[in-house]
$ cat upload.txt   # compact mmCIF, C-alpha atoms and all ligand atoms
# COMPACT_ATOMS: atom_id res chain seq x y z
CA MET A 17 -117.68 -4.02 82.20
CA SER A 18 -115.36 -1.04 82.80
CA GLY A 19 -116.25 1.53 85.39
CA ILE A 20 -118.51 4.51 85.81
CA VAL A 21 -117.36 8.01 84.86
CA ILE A 22 -119.22 11.03 86.25
CA ILE A 23 -118.55 14.44 84.69
CA GLY A 24 -119.07 17.12 87.36
CA THR A 25 -118.52 17.31 91.12
CA GLY A 26 -121.39 19.64 92.05
CA LEU A 27 -124.25 18.51 94.21
CA ALA A 28 -125.47 16.22 91.41
CA GLY A 29 -122.18 14.41 90.72
CA TYR A 30 -121.20 13.98 94.37
CA THR A 31 -124.67 13.00 95.62
CA LEU A 32 -124.93 10.36 92.92
CA ALA A 33 -121.48 9.01 93.81
CA ARG A 34 -122.42 8.81 97.50
CA GLU A 35 -125.72 7.07 96.81
CA PHE A 36 -124.03 4.65 94.40
CA ARG A 37 -121.32 3.70 96.90
CA LYS A 38 -124.02 2.79 99.44
CA LEU A 39 -125.14 0.09 96.96
CA ASP A 40 -121.93 -0.89 95.19
CA LYS A 41 -118.47 -0.80 96.75
CA GLU A 42 -116.62 -2.52 93.90
CA THR A 43 -117.26 -0.83 90.55
CA PRO A 44 -114.45 1.63 89.73
CA LEU A 45 -115.72 5.21 89.94
CA THR A 46 -114.05 8.21 88.32
CA LEU A 47 -115.24 11.81 88.67
CA VAL A 48 -113.88 14.52 86.39
CA THR A 49 -114.33 18.20 87.10
CA ALA A 50 -113.24 21.47 85.55
CA ASP A 51 -113.07 23.07 89.02
CA ASP A 52 -111.11 22.14 92.17
CA GLY A 53 -113.57 19.42 93.18
CA ALA A 54 -114.16 20.85 96.67
CA PHE A 55 -117.60 19.95 98.01
CA TYR A 56 -119.71 22.93 99.05
CA SER A 57 -123.37 23.84 99.32
CA LYS A 58 -124.20 26.08 96.36
CA PRO A 59 -127.33 27.60 97.99
CA MET A 60 -124.96 29.23 100.50
CA LEU A 61 -123.56 31.45 97.74
CA SER A 62 -126.58 33.73 98.04
CA ASN A 63 -126.45 34.09 101.79
CA ALA A 64 -122.73 34.30 102.50
CA PHE A 65 -122.03 38.01 101.81
CA ALA A 66 -123.94 39.25 104.85
CA SER A 67 -121.89 36.93 107.06
CA ASN A 68 -118.73 37.94 105.15
CA LYS A 69 -117.65 34.33 104.50
CA ASP A 70 -114.56 33.84 102.37
CA PRO A 71 -114.80 31.20 99.61
CA GLU A 72 -112.66 28.72 101.59
CA ALA A 73 -115.10 28.86 104.50
CA LEU A 74 -117.83 27.46 102.24
CA ILE A 75 -115.96 24.21 101.61
CA SER A 76 -117.21 21.25 103.58
CA GLN A 77 -114.76 18.70 102.09
CA SER A 78 -111.76 18.84 99.77
CA ALA A 79 -111.54 16.73 96.60
CA GLU A 80 -108.96 14.50 98.33
CA ALA A 81 -111.29 13.87 101.25
CA MET A 82 -114.17 13.12 98.87
CA ALA A 83 -111.97 10.69 96.88
CA GLY A 84 -111.15 8.79 100.09
CA GLN A 85 -114.73 8.73 101.29
CA LEU A 86 -116.11 7.59 97.93
CA ASP A 87 -113.25 5.25 97.06
CA ALA A 88 -113.16 7.10 93.74
CA ARG A 89 -110.59 8.68 91.47
CA ILE A 90 -111.30 12.41 91.19
CA LEU A 91 -109.61 14.33 88.38
CA THR A 92 -109.72 18.04 89.24
CA ARG A 93 -109.13 21.04 86.98
CA ARG A 94 -109.58 18.73 83.99
CA ARG A 95 -112.24 19.71 81.47
CA VAL A 96 -113.99 17.14 79.28
CA ALA A 97 -113.78 18.30 75.66
CA ALA A 98 -115.81 15.58 73.91
CA ILE A 99 -117.67 12.31 74.33
CA ASP A 100 -117.45 9.43 71.85
CA THR A 101 -120.50 7.29 72.61
CA ALA A 102 -119.58 4.64 70.00
CA ALA A 103 -116.13 4.07 71.49
CA ARG A 104 -117.43 4.68 75.05
CA GLN A 105 -114.72 7.23 75.73
CA VAL A 106 -114.53 10.77 77.03
CA ARG A 107 -111.70 12.96 75.79
CA LEU A 108 -110.21 15.56 78.13
CA GLU A 109 -109.02 18.95 76.94
CA ASP A 110 -105.41 17.93 77.63
CA GLY A 111 -105.75 15.02 75.18
CA GLU A 112 -106.09 12.14 77.67
CA SER A 113 -109.00 9.75 77.11
CA LEU A 114 -111.01 7.80 79.68
CA ASP A 115 -112.96 4.64 78.87
CA TYR A 116 -116.36 4.23 80.46
CA GLY A 117 -118.84 1.43 80.93
CA ARG A 118 -121.52 3.90 81.99
CA LEU A 119 -121.22 7.68 81.80
CA VAL A 120 -123.11 10.32 83.78
CA LEU A 121 -123.30 13.99 82.81
CA ALA A 122 -123.66 16.21 85.88
CA VAL A 123 -122.30 19.35 84.23
CA GLY A 124 -124.74 21.89 85.67
CA ALA A 125 -125.97 25.08 84.04
CA GLU A 126 -124.37 28.22 82.66
CA PRO A 127 -125.44 31.75 83.56
CA ILE A 128 -127.30 33.57 80.79
CA ARG A 129 -125.28 36.63 79.73
CA LEU A 130 -127.01 39.68 78.32
CA SER A 131 -125.12 42.24 76.26
CA TYR A 132 -125.06 45.95 77.02
CA GLU A 133 -123.68 49.03 75.32
CA GLY A 134 -120.89 50.98 77.01
CA ASP A 135 -117.33 50.46 78.23
CA GLY A 136 -118.47 48.97 81.56
CA ALA A 137 -120.41 46.07 80.06
CA ASP A 138 -117.56 43.62 80.62
CA ALA A 139 -117.59 44.31 84.38
CA VAL A 140 -120.92 42.54 84.90
CA LEU A 141 -120.40 39.37 86.96
CA SER A 142 -122.61 36.38 87.77
CA VAL A 143 -122.30 33.94 90.66
CA ASN A 144 -122.95 30.27 89.92
CA SER A 145 -119.94 28.65 91.58
CA ARG A 146 -117.67 29.10 94.57
CA GLU A 147 -115.02 30.54 92.27
CA ASP A 148 -117.52 33.11 90.91
CA TYR A 149 -118.40 33.94 94.52
CA GLY A 150 -114.71 34.64 95.25
CA ARG A 151 -114.43 36.91 92.21
CA PHE A 152 -117.55 38.86 93.09
CA ARG A 153 -116.43 39.17 96.70
CA GLU A 154 -113.24 40.83 95.45
CA ALA A 155 -115.27 43.11 93.17
CA ILE A 156 -117.37 44.41 96.09
CA GLU A 157 -114.41 44.93 98.42
CA GLY A 158 -114.79 48.50 99.66
CA VAL A 159 -117.86 49.03 97.45
CA GLY A 160 -120.89 50.56 99.13
CA HIS A 161 -123.43 50.24 96.32
CA VAL A 162 -124.28 47.20 94.17
CA ALA A 163 -126.66 46.90 91.20
CA VAL A 164 -128.37 43.54 90.73
CA ILE A 165 -129.74 42.84 87.26
CA GLY A 166 -132.65 40.40 87.46
CA PRO A 167 -135.46 40.49 90.06
CA GLY A 168 -136.00 36.70 90.05
CA LEU A 169 -135.45 34.22 92.87
CA ILE A 170 -131.66 34.32 92.81
CA GLY A 171 -131.52 38.11 92.19
CA CYS A 172 -133.76 38.77 95.21
CA GLU A 173 -131.72 36.42 97.40
CA PHE A 174 -128.48 38.19 96.46
CA ALA A 175 -130.12 41.61 96.91
CA ASN A 176 -131.29 40.70 100.42
CA ASP A 177 -127.89 39.27 101.33
CA LEU A 178 -125.90 42.20 99.92
CA ARG A 179 -128.21 44.62 101.74
CA GLY A 180 -127.55 42.57 104.87
CA SER A 181 -123.84 43.24 104.33
CA GLY A 182 -124.58 46.95 104.77
CA ARG A 183 -124.51 47.92 101.08
CA GLU A 184 -126.97 49.98 99.06
CA VAL A 185 -128.72 47.72 96.55
CA ASP A 186 -130.68 48.51 93.37
CA VAL A 187 -132.47 45.69 91.54
CA ILE A 188 -133.39 46.16 87.88
CA GLY A 189 -135.56 44.07 85.56
CA PRO A 190 -138.39 44.00 83.02
CA ASP A 191 -140.94 42.17 85.21
CA THR A 192 -143.90 43.97 86.77
CA ALA A 193 -142.99 42.48 90.17
CA PRO A 194 -140.15 40.39 91.63
CA LEU A 195 -140.15 36.60 91.05
CA GLY A 196 -142.43 37.27 88.08
CA ARG A 197 -141.89 33.84 86.53
CA LEU A 198 -142.70 31.92 89.70
CA VAL A 199 -145.44 33.73 91.60
CA PRO A 200 -148.63 35.68 90.84
CA GLU A 201 -148.18 39.45 90.70
CA ALA A 202 -149.84 40.18 94.07
CA ALA A 203 -147.33 37.87 95.78
CA GLY A 204 -144.48 39.52 93.86
CA ARG A 205 -145.65 42.92 95.06
CA ALA A 206 -145.70 41.75 98.68
CA ILE A 207 -142.13 40.48 98.28
CA GLN A 208 -141.14 43.82 96.72
CA LYS A 209 -142.67 45.73 99.64
CA GLY A 210 -140.89 43.53 102.17
CA LEU A 211 -137.53 43.98 100.47
CA GLU A 212 -138.09 47.73 100.01
CA ALA A 213 -138.76 48.00 103.73
CA ALA A 214 -135.26 46.55 104.20
CA GLY A 215 -133.89 49.38 102.03
CA ILE A 216 -133.61 47.63 98.63
CA ARG A 217 -134.64 49.75 95.63
CA PHE A 218 -136.42 48.22 92.63
CA HIS A 219 -136.46 49.53 89.04
CA LEU A 220 -139.08 47.34 87.35
CA GLU A 221 -140.62 47.20 83.87
CA THR A 222 -137.33 48.45 82.48
CA VAL A 223 -133.98 47.04 81.40
CA VAL A 224 -130.33 48.13 81.51
CA LYS A 225 -129.32 49.61 78.17
CA ARG A 226 -125.76 50.72 78.74
CA ILE A 227 -123.07 50.59 81.38
CA ASP A 228 -120.37 53.25 81.47
CA ARG A 229 -117.28 53.36 83.62
CA LYS A 230 -116.99 56.31 85.99
CA ASP A 231 -114.08 57.37 88.22
CA THR A 232 -115.35 55.32 91.15
CA GLY A 233 -117.57 52.70 89.57
CA PHE A 234 -120.27 52.47 86.95
CA ARG A 235 -123.30 54.29 85.66
CA LEU A 236 -126.14 52.05 84.45
CA SER A 237 -128.52 53.76 82.00
CA LEU A 238 -131.97 52.21 82.02
CA ASP A 239 -134.42 52.04 79.16
CA ASN A 240 -136.91 54.24 81.08
CA GLY A 241 -134.40 57.11 81.27
CA GLU A 242 -133.32 56.53 84.88
CA THR A 243 -129.70 56.02 85.85
CA VAL A 244 -128.21 53.96 88.68
CA GLU A 245 -124.68 54.50 90.04
CA ALA A 246 -123.00 51.41 91.47
CA GLY A 247 -119.54 50.18 92.41
CA ALA A 248 -120.22 46.61 91.22
CA ILE A 249 -122.82 44.87 89.07
CA LEU A 250 -124.23 41.38 89.55
CA SER A 251 -126.22 39.69 86.81
CA ALA A 252 -128.88 37.19 87.95
CA VAL A 253 -130.94 36.87 84.80
CA GLY A 254 -131.18 33.10 84.82
CA LEU A 255 -129.32 29.88 84.15
CA ARG A 256 -129.40 27.69 81.07
CA PRO A 257 -128.76 23.92 81.34
CA ASP A 258 -125.30 23.20 79.94
CA THR A 259 -126.08 20.95 76.97
CA ARG A 260 -122.92 21.65 74.96
CA LEU A 261 -121.08 18.34 75.49
CA ALA A 262 -124.29 16.37 75.02
CA ARG A 263 -125.26 18.16 71.83
CA GLU A 264 -121.81 17.77 70.29
CA ALA A 265 -121.89 14.05 71.14
CA GLY A 266 -125.17 13.72 69.23
CA LEU A 267 -127.39 13.18 72.29
CA GLU A 268 -130.93 14.47 72.16
CA VAL A 269 -131.18 17.89 73.81
CA ASP A 270 -134.01 20.35 74.21
CA ARG A 271 -133.97 22.99 76.98
CA GLY A 272 -131.82 20.50 78.89
CA ILE A 273 -130.34 17.07 78.13
CA VAL A 274 -133.40 14.99 77.26
CA LEU A 275 -133.90 12.09 79.72
CA ASP A 276 -136.53 9.51 80.43
CA ARG A 277 -137.56 8.75 84.00
CA THR A 278 -134.60 6.42 84.48
CA LEU A 279 -132.39 9.46 83.77
CA ALA A 280 -131.15 7.77 80.58
CA THR A 281 -130.14 9.94 77.61
CA SER A 282 -130.71 8.94 74.01
CA ALA A 283 -127.29 7.16 73.96
CA GLU A 284 -126.77 3.67 75.37
CA GLY A 285 -125.09 3.72 78.79
CA VAL A 286 -125.16 7.52 79.14
CA TYR A 287 -127.20 9.21 81.89
CA ALA A 288 -127.55 12.74 83.30
CA LEU A 289 -128.90 14.56 86.35
CA GLY A 290 -128.83 17.96 88.02
CA ASP A 291 -129.09 21.43 86.50
CA CYS A 292 -128.17 20.13 83.02
CA ALA A 293 -131.08 17.69 82.94
CA GLN A 294 -134.56 17.70 81.47
CA VAL A 295 -136.42 14.77 83.05
CA ALA A 296 -139.68 13.77 81.40
CA GLY A 297 -139.95 17.35 80.07
CA LEU A 298 -139.12 19.07 83.39
CA VAL A 299 -136.11 21.32 84.03
CA LEU A 300 -135.94 21.78 87.82
CA PRO A 301 -132.66 23.44 88.86
CA TYR A 302 -133.04 22.90 92.61
CA VAL A 303 -131.56 20.74 95.35
CA MET A 304 -134.49 18.41 96.07
CA PRO A 305 -134.91 17.09 92.49
CA ILE A 306 -131.18 16.29 92.51
CA MET A 307 -131.51 14.24 95.72
CA HIS A 308 -134.38 12.19 94.29
CA ALA A 309 -132.67 11.76 90.91
CA ALA A 310 -129.40 10.69 92.55
CA ARG A 311 -131.12 7.96 94.59
CA ALA A 312 -132.97 6.58 91.57
CA LEU A 313 -129.95 6.70 89.26
CA ALA A 314 -127.71 5.06 91.87
CA LYS A 315 -130.08 2.07 91.93
CA THR A 316 -130.17 1.88 88.14
CA LEU A 317 -126.37 1.96 87.96
CA ALA A 318 -126.18 -0.71 90.65
CA GLY A 319 -128.31 -3.02 88.52
CA GLU A 320 -131.89 -2.26 89.53
CA PRO A 321 -133.49 -0.08 86.82
CA THR A 322 -135.44 2.60 88.71
CA GLN A 323 -137.62 5.48 87.60
CA VAL A 324 -137.33 8.78 89.46
CA SER A 325 -140.37 10.13 91.31
CA TYR A 326 -140.63 13.69 92.56
CA PRO A 327 -142.92 14.42 95.50
CA ALA A 328 -144.09 18.01 96.07
CA MET A 329 -140.87 20.01 96.53
CA PRO A 330 -141.61 23.55 97.80
CA VAL A 331 -138.67 25.93 97.30
CA VAL A 332 -137.71 28.16 100.22
CA VAL A 333 -136.52 31.54 98.93
CA LYS A 334 -133.69 32.88 101.13
CA THR A 335 -134.98 36.42 101.59
CA PRO A 336 -135.04 36.82 105.39
CA ALA A 337 -136.36 40.39 105.04
CA HIS A 338 -139.56 38.82 103.66
CA PRO A 339 -139.53 34.99 103.75
CA VAL A 340 -141.07 33.19 100.77
CA VAL A 341 -142.03 29.57 99.99
CA VAL A 342 -143.06 28.57 96.47
CA ALA A 343 -144.58 25.33 95.17
CA PRO A 344 -145.30 26.21 91.55
CA PRO A 345 -148.24 24.54 89.78
CA ALA A 346 -147.32 22.04 87.05
CA PRO A 347 -146.56 23.71 83.70
CA GLY A 348 -149.81 24.22 81.79
CA ALA A 349 -151.98 23.33 84.83
CA VAL A 350 -155.51 24.73 84.58
CA GLY A 351 -156.86 26.47 87.67
CA GLU A 352 -156.97 29.85 89.37
CA TRP A 353 -154.97 31.67 92.00
CA LYS A 354 -156.86 32.51 95.19
CA ILE A 355 -154.96 35.23 96.94
CA GLU A 356 -155.43 36.73 100.40
CA SER A 357 -153.37 39.00 102.63
CA VAL A 358 -151.83 37.41 105.71
CA GLY A 359 -149.86 39.69 108.04
CA GLU A 360 -147.28 41.58 105.96
CA GLY A 361 -147.51 39.10 103.12
CA VAL A 362 -149.71 36.99 100.94
CA ARG A 363 -151.16 33.48 100.87
CA ALA A 364 -151.75 32.44 97.26
CA VAL A 365 -153.22 29.03 96.55
CA PHE A 366 -153.55 27.68 93.02
CA SER A 367 -156.88 25.94 93.14
CA GLN A 368 -157.99 23.27 90.71
CA GLY A 369 -161.55 22.63 91.81
CA ASP A 370 -161.22 21.12 95.29
CA GLU A 371 -157.54 20.33 94.81
CA VAL A 372 -154.52 22.49 95.66
CA GLY A 373 -152.27 22.59 92.57
CA GLY A 374 -149.56 24.82 94.03
CA PHE A 375 -149.02 27.66 96.46
CA VAL A 376 -146.99 30.74 97.29
CA LEU A 377 -146.58 32.00 100.84
CA THR A 378 -144.85 35.31 101.54
CA GLY A 379 -144.05 37.01 104.84
CA ALA A 380 -143.25 35.54 108.26
CA GLU A 381 -146.89 34.90 109.16
CA ALA A 382 -147.96 33.20 105.93
CA VAL A 383 -144.92 30.88 105.62
CA LYS A 384 -146.03 29.12 108.83
CA GLU A 385 -148.51 27.26 106.60
CA LYS A 386 -145.76 25.62 104.56
CA GLN A 387 -146.09 22.14 106.08
CA ALA A 388 -149.86 22.05 105.98
CA LEU A 389 -150.09 23.17 102.34
CA SER A 390 -147.16 21.00 101.21
CA LYS A 391 -149.17 17.93 102.23
CA GLN A 392 -151.98 18.99 99.89
CA VAL A 393 -150.07 19.62 96.66
CA PRO A 394 -149.73 16.75 94.19
CA ALA A 395 -146.47 14.95 93.40
CA VAL A 396 -144.50 16.68 90.65
CA LEU A 397 -143.65 13.41 88.85
C1 LIG B 1 -126.83 31.41 94.20
C2 LIG B 1 -127.64 30.15 94.14
C3 LIG B 1 -128.49 29.84 95.20
C4 LIG B 1 -129.26 28.69 95.15
N1 LIG B 1 -130.11 28.43 96.20
C5 LIG B 1 -130.87 27.32 96.16
C6 LIG B 1 -131.76 27.00 97.24
O1 LIG B 1 -131.84 27.74 98.22
N2 LIG B 1 -132.51 25.88 97.17
C7 LIG B 1 -132.44 25.03 96.09
O2 LIG B 1 -133.13 24.01 96.06
N3 LIG B 1 -131.60 25.30 95.06
C8 LIG B 1 -130.82 26.41 95.06
N4 LIG B 1 -129.97 26.67 94.03
C9 LIG B 1 -129.85 25.67 92.94
C10 LIG B 1 -128.90 24.53 93.33
O3 LIG B 1 -127.79 25.05 94.02
C11 LIG B 1 -128.47 23.79 92.06
O4 LIG B 1 -129.62 23.17 91.52
C12 LIG B 1 -127.39 22.72 92.28
O5 LIG B 1 -126.34 23.16 93.10
C13 LIG B 1 -126.85 22.26 90.91
O6 LIG B 1 -125.90 21.26 91.07
P1 LIG B 1 -125.24 20.53 89.81
O7 LIG B 1 -124.31 19.51 90.38
O8 LIG B 1 -126.29 20.09 88.86
O9 LIG B 1 -124.43 21.66 89.04
P2 LIG B 1 -123.07 22.44 89.44
O10 LIG B 1 -122.97 22.65 90.90
O11 LIG B 1 -123.03 23.64 88.55
O12 LIG B 1 -121.90 21.45 89.04
C14 LIG B 1 -121.46 21.27 87.72
C15 LIG B 1 -120.13 20.55 87.74
O13 LIG B 1 -119.79 20.18 86.40
C16 LIG B 1 -118.43 20.51 86.14
N5 LIG B 1 -118.29 20.64 84.69
C17 LIG B 1 -119.08 21.34 83.83
N6 LIG B 1 -118.64 21.17 82.55
C18 LIG B 1 -117.56 20.35 82.62
C19 LIG B 1 -116.67 19.78 81.65
N7 LIG B 1 -116.82 20.01 80.34
N8 LIG B 1 -115.66 19.00 82.08
C20 LIG B 1 -115.51 18.72 83.40
N9 LIG B 1 -116.33 19.21 84.36
C21 LIG B 1 -117.33 20.01 83.97
C22 LIG B 1 -118.21 21.77 86.97
O14 LIG B 1 -116.83 21.97 87.18
C23 LIG B 1 -118.97 21.37 88.26
O15 LIG B 1 -118.15 20.53 89.05
C24 LIG B 1 -129.19 27.83 94.03
C25 LIG B 1 -128.34 28.14 92.96
C26 LIG B 1 -127.56 29.29 93.01
C27 LIG B 1 -126.67 29.65 91.84

$ encode --input "upload.txt" --output "structure tokens"
Amino acid sequence: MSGIVIIGTGLAGYTLAREFRKLDKETPLTLVTADDGAFYSKPMLSNAFASNKDPEALISQSAEAMAGQLDARILTRRRVAAIDTAARQVRLEDGESLDYGRLVLAVGAEPIRLSYEGDGADAVLSVNSREDYGRFREAIEGVGHVAVIGPGLIGCEFANDLRGSGREVDVIGPDTAPLGRLVPEAAGRAIQKGLEAAGIRFHLETVVKRIDRKDTGFRLSLDNGETVEAGAILSAVGLRPDTRLAREAGLEVDRGIVLDRTLATSAEGVYALGDCAQVAGLVLPYVMPIMHAARALAKTLAGEPTQVSYPAMPVVVKTPAHPVVVAPPAPGAVGEWKIESVGEGVRAVFSQGDEVGGFVLTGAEAVKEKQALSKQVPAVL
């Protein structure tokens, strides 16, 4: 059987390769990536502005070092254009083809882009890679005021970090409170208060309608009639699993690439993991699901078919001005939030009879309960 090809060298592609090499030192391994293949921790992108890190400082290993460590061929700055599952080949944009015995898609997610009226609309940037981080860092050079569109998890992390870099920050979005899709409103309000105390301004229940260029930056006109002046604009309105290659190859896709619990797609010998994946109906674009998926898939690829299991995986939100931990209830879970104030923040427990179905802790005092509550929430899968 010919070797394994992994498309993508993010956390998903590289963690899988590492786990696989622990079990199998022989099978030829090729990784292909559209970027430079440097290994870095993506969560650091939303807490590197305050410490003024340049993009190079985020790299923990170069592609060459990774290739040596993994005994793998790593093709960098090469984009896969198409997959032919019948011929078991991937075709690169430059025309070269690679044969595969097994193929793994670890292609990540793409930032959702909203459209705005005005001549400044094209200046809106998003940060979902080290290269994006470098571009945004250039855009805020000498800029004292940043607008963040999107008051979700990533938007709040960037807002806190940019505020920590000494800049004025305005956060804009349609939700009634920050992190509206993840936490009950009372918890969102506590987070808002904590971030406001750090000097961040929120414009909620409204959206950006137009963005006009001014002499020294931009004017954002909001739907509620307010305006915000900023020198740079960051969009953090969400990520969408990148299903393009999979869809064009005829694989089943839904919100993400549809996978069973062995991380297998609908095509023989083709697997996926990471931000592009939808495992047993779940799209979980976080680090911990990737670690569990990589371990299970490595075993499957090494000859021991293995289903992935997810334990409870609370997400720590990197907002030091008001720390937050979230373990969301399963989608569609029936129960009720029990919410109480603790110190500056909130302790919200999703109760399902006597069981704890999920929790949200906000503020330095409440987050101390993370370990104790984590033990009580059920496994995700
Ligand atoms: C700012 C930020 C902060 C975060 N903080 C946290 C956190 O604190 N905790 C947490 O759990 N999670 C966090 N996350 C989420 C976490 O970082 C991601 O879930 C994870 O990094 C995704 O890894 P991935 O390998 O699936 O995707 P990516 O890292 O996006 O990698 C995708 C790879 O695929 C390659 N690729 C794509 N298409 C092609 C193609 N056609 N041809 C060749 N190569 C291709 C790309 O070049 C890249 O190498 C954060 C995310 C962001 C954006």

$ closest_residue --input "upload.txt" --among "A:Ala346, A:Leu211, A:Val333, A:Leu267" --to "ligand LIG 1 (chain B)" --atoms "only C-alpha atoms and all ligand atoms"
A:Val333

$ closest_residue --input "upload.txt" --among "A:Gly247, A:Asp70, A:Thr46, A:Ala252" --to "Ile128 (chain A)" --atoms "all atoms listed in the file"
A:Ala252

$ closest_residue --input "upload.txt" --among "A:Val286, A:Val350, A:Val123, A:Val342" --to "Glu268 (chain A)" --atoms "only C-alpha atoms"
A:Val286

$ residues_near_point --input "upload.txt" --point "(-120.8, 35.5, 90.6)" --cutoff "10 Å" --atoms "only C-alpha atoms" --output "PyMOL selection string"
chain A and resi 61-62+127+140-153+155+249-252

$ residues_around --input "upload.txt" --residues "region 80-89 of chain A" --least-positions-apart "2" --cutoff "7 Å" --atoms "only C-alpha atoms" --output "list in words"
Ala33, Arg34, Arg37, Pro44, Leu45, Thr46, Leu47, Gln77, Ser78 and Leu91 of chain A

$ residues_near_point --input "upload.txt" --point "(-140.5, 47.4, 82.9)" --cutoff "12 Å" --atoms "all atoms listed in the file" --output "PyMOL selection string"
chain A and resi 166-167+187-194+196+218-224+238-242

$ write_last_selection --input "upload.txt" --atoms "C-alpha atoms" --output "PDB file, in the coordinates of the input"
ATOM      1  CA  GLY A 166    -132.650  40.400  87.460  1.00  0.00           C
ATOM      2  CA  PRO A 167    -135.460  40.490  90.060  1.00  0.00           C
ATOM      3  CA  VAL A 187    -132.470  45.690  91.540  1.00  0.00           C
ATOM      4  CA  ILE A 188    -133.390  46.160  87.880  1.00  0.00           C
ATOM      5  CA  GLY A 189    -135.560  44.070  85.560  1.00  0.00           C
ATOM      6  CA  PRO A 190    -138.390  44.000  83.020  1.00  0.00           C
ATOM      7  CA  ASP A 191    -140.940  42.170  85.210  1.00  0.00           C
ATOM      8  CA  THR A 192    -143.900  43.970  86.770  1.00  0.00           C
ATOM      9  CA  ALA A 193    -142.990  42.480  90.170  1.00  0.00           C
ATOM     10  CA  PRO A 194    -140.150  40.390  91.630  1.00  0.00           C
ATOM     11  CA  GLY A 196    -142.430  37.270  88.080  1.00  0.00           C
ATOM     12  CA  PHE A 218    -136.420  48.220  92.630  1.00  0.00           C
ATOM     13  CA  HIS A 219    -136.460  49.530  89.040  1.00  0.00           C
ATOM     14  CA  LEU A 220    -139.080  47.340  87.350  1.00  0.00           C
ATOM     15  CA  GLU A 221    -140.620  47.200  83.870  1.00  0.00           C
ATOM     16  CA  THR A 222    -137.330  48.450  82.480  1.00  0.00           C
ATOM     17  CA  VAL A 223    -133.980  47.040  81.400  1.00  0.00           C
ATOM     18  CA  VAL A 224    -130.330  48.130  81.510  1.00  0.00           C
ATOM     19  CA  LEU A 238    -131.970  52.210  82.020  1.00  0.00           C
ATOM     20  CA  ASP A 239    -134.420  52.040  79.160  1.00  0.00           C
ATOM     21  CA  ASN A 240    -136.910  54.240  81.080  1.00  0.00           C
ATOM     22  CA  GLY A 241    -134.400  57.110  81.270  1.00  0.00           C
ATOM     23  CA  GLU A 242    -133.320  56.530  84.880  1.00  0.00           C
TER      24      GLU A 242
END

$ residues_near_ligand --input "upload.txt" --ligand "ligand LIG 1 (chain B)" --cutoff "7 Å" --atoms "all atoms listed in the file" --output "ChimeraX atom specification"
/A:23-29,48-51,53,57-62,94-97,122-125,143-145,170,261,289-292,301-304,331-334

$ atom_distance --input "upload.txt" --atom1 "CA of Lys391 (chain A)" --atom2 "CA of Trp353 (chain A)"
18.1 Å

$ closest_residue --input "upload.txt" --among "A:Glu320, A:Glu360, A:Glu245, A:Asp228" --to "Ala213 (chain A)" --atoms "all atoms listed in the file"
A:Glu360

$ residues_around --input "upload.txt" --residues "Ser367 (chain A)" --least-positions-apart "3" --cutoff "7 Å" --atoms "all atoms listed in the file" --output "NGL selection string"
:A and (351-354 or 370-373)

$ closest_residue --input "upload.txt" --among "A:Val199, A:Ala102, A:Leu275, A:Ala309" --to "Thr378 (chain A)" --atoms "only C-alpha atoms"
A:Val199

$ atom_distance --input "upload.txt" --atom1 "CA of Glu356 (chain A)" --atom2 "CA of Ala395 (chain A)"
24.6 Å

$ axis_aligned_box --input "upload.txt" --around "region 270-285 of chain A" --padding-each-side "3 Å" --output "AutoDock Vina command-line options"
--center_x -131.3 --center_y 13.3 --center_z 79.2 --size_x 18.5 --size_y 25.3 --size_z 16.5

$ residues_around --input "upload.txt" --residues "Ala248 (chain A)" --least-positions-apart "4" --cutoff "12 Å" --atoms "only C-alpha atoms" --output "NGL selection string"
:A and (136-142 or 151-165 or 178 or 183-186 or 227-230 or 232-236 or 244)

$ residues_around --input "upload.txt" --residues "Ala312 (chain A)" --least-positions-apart "5" --cutoff "7 Å" --atoms "all atoms listed in the file" --output "list in words"
Thr322, Gln323 and Val324 of chain A

$ residues_around --input "upload.txt" --residues "Glu381 (chain A)" --least-positions-apart "6" --cutoff "10 Å" --atoms "all atoms listed in the file" --output "PyMOL selection string"
chain A and resi 338-339+358-363

$ closest_residue --input "upload.txt" --among "A:Gly374, A:Thr101, A:Val341, A:Asp177" --to "Gly204 (chain A)" --atoms "all atoms listed in the file"
A:Val341

$ atom_distance --input "upload.txt" --atom1 "CA of Gln392 (chain A)" --atom2 "CA of Gly369 (chain A)"
13.0 Å

$ decode --input "upload.txt" --residues "region 58-62 of chain A" --atoms "N, CA and C atoms" --output "PDB file, in the first residue's frame"
ATOM      1  N   LYS A  58      -1.815  28.075  17.652  1.00  0.00           N
ATOM      2  CA  LYS A  58      -2.767  29.091  17.185  1.00  0.00           C
ATOM      3  C   LYS A  58      -3.447  29.866  18.322  1.00  0.00           C
ATOM      4  N   PRO A  59      -3.775  29.236  19.465  1.00  0.00           N
ATOM      5  CA  PRO A  59      -4.387  30.025  20.538  1.00  0.00           C
ATOM      6  C   PRO A  59      -3.564  31.247  20.951  1.00  0.00           C
ATOM      7  N   MET A  60      -2.253  31.211  20.693  1.00  0.00           N
ATOM      8  CA  MET A  60      -1.429  32.370  21.065  1.00  0.00           C
ATOM      9  C   MET A  60      -1.734  33.604  20.233  1.00  0.00           C
ATOM     10  N   LEU A  61      -2.396  33.411  19.077  1.00  0.00           N
ATOM     11  CA  LEU A  61      -2.665  34.572  18.216  1.00  0.00           C
ATOM     12  C   LEU A  61      -3.519  35.615  18.928  1.00  0.00           C
ATOM     13  N   SER A  62      -4.374  35.154  19.866  1.00  0.00           N
ATOM     14  CA  SER A  62      -5.225  36.139  20.542  1.00  0.00           C
ATOM     15  C   SER A  62      -4.687  36.526  21.910  1.00  0.00           C
TER      16      SER A  62
END
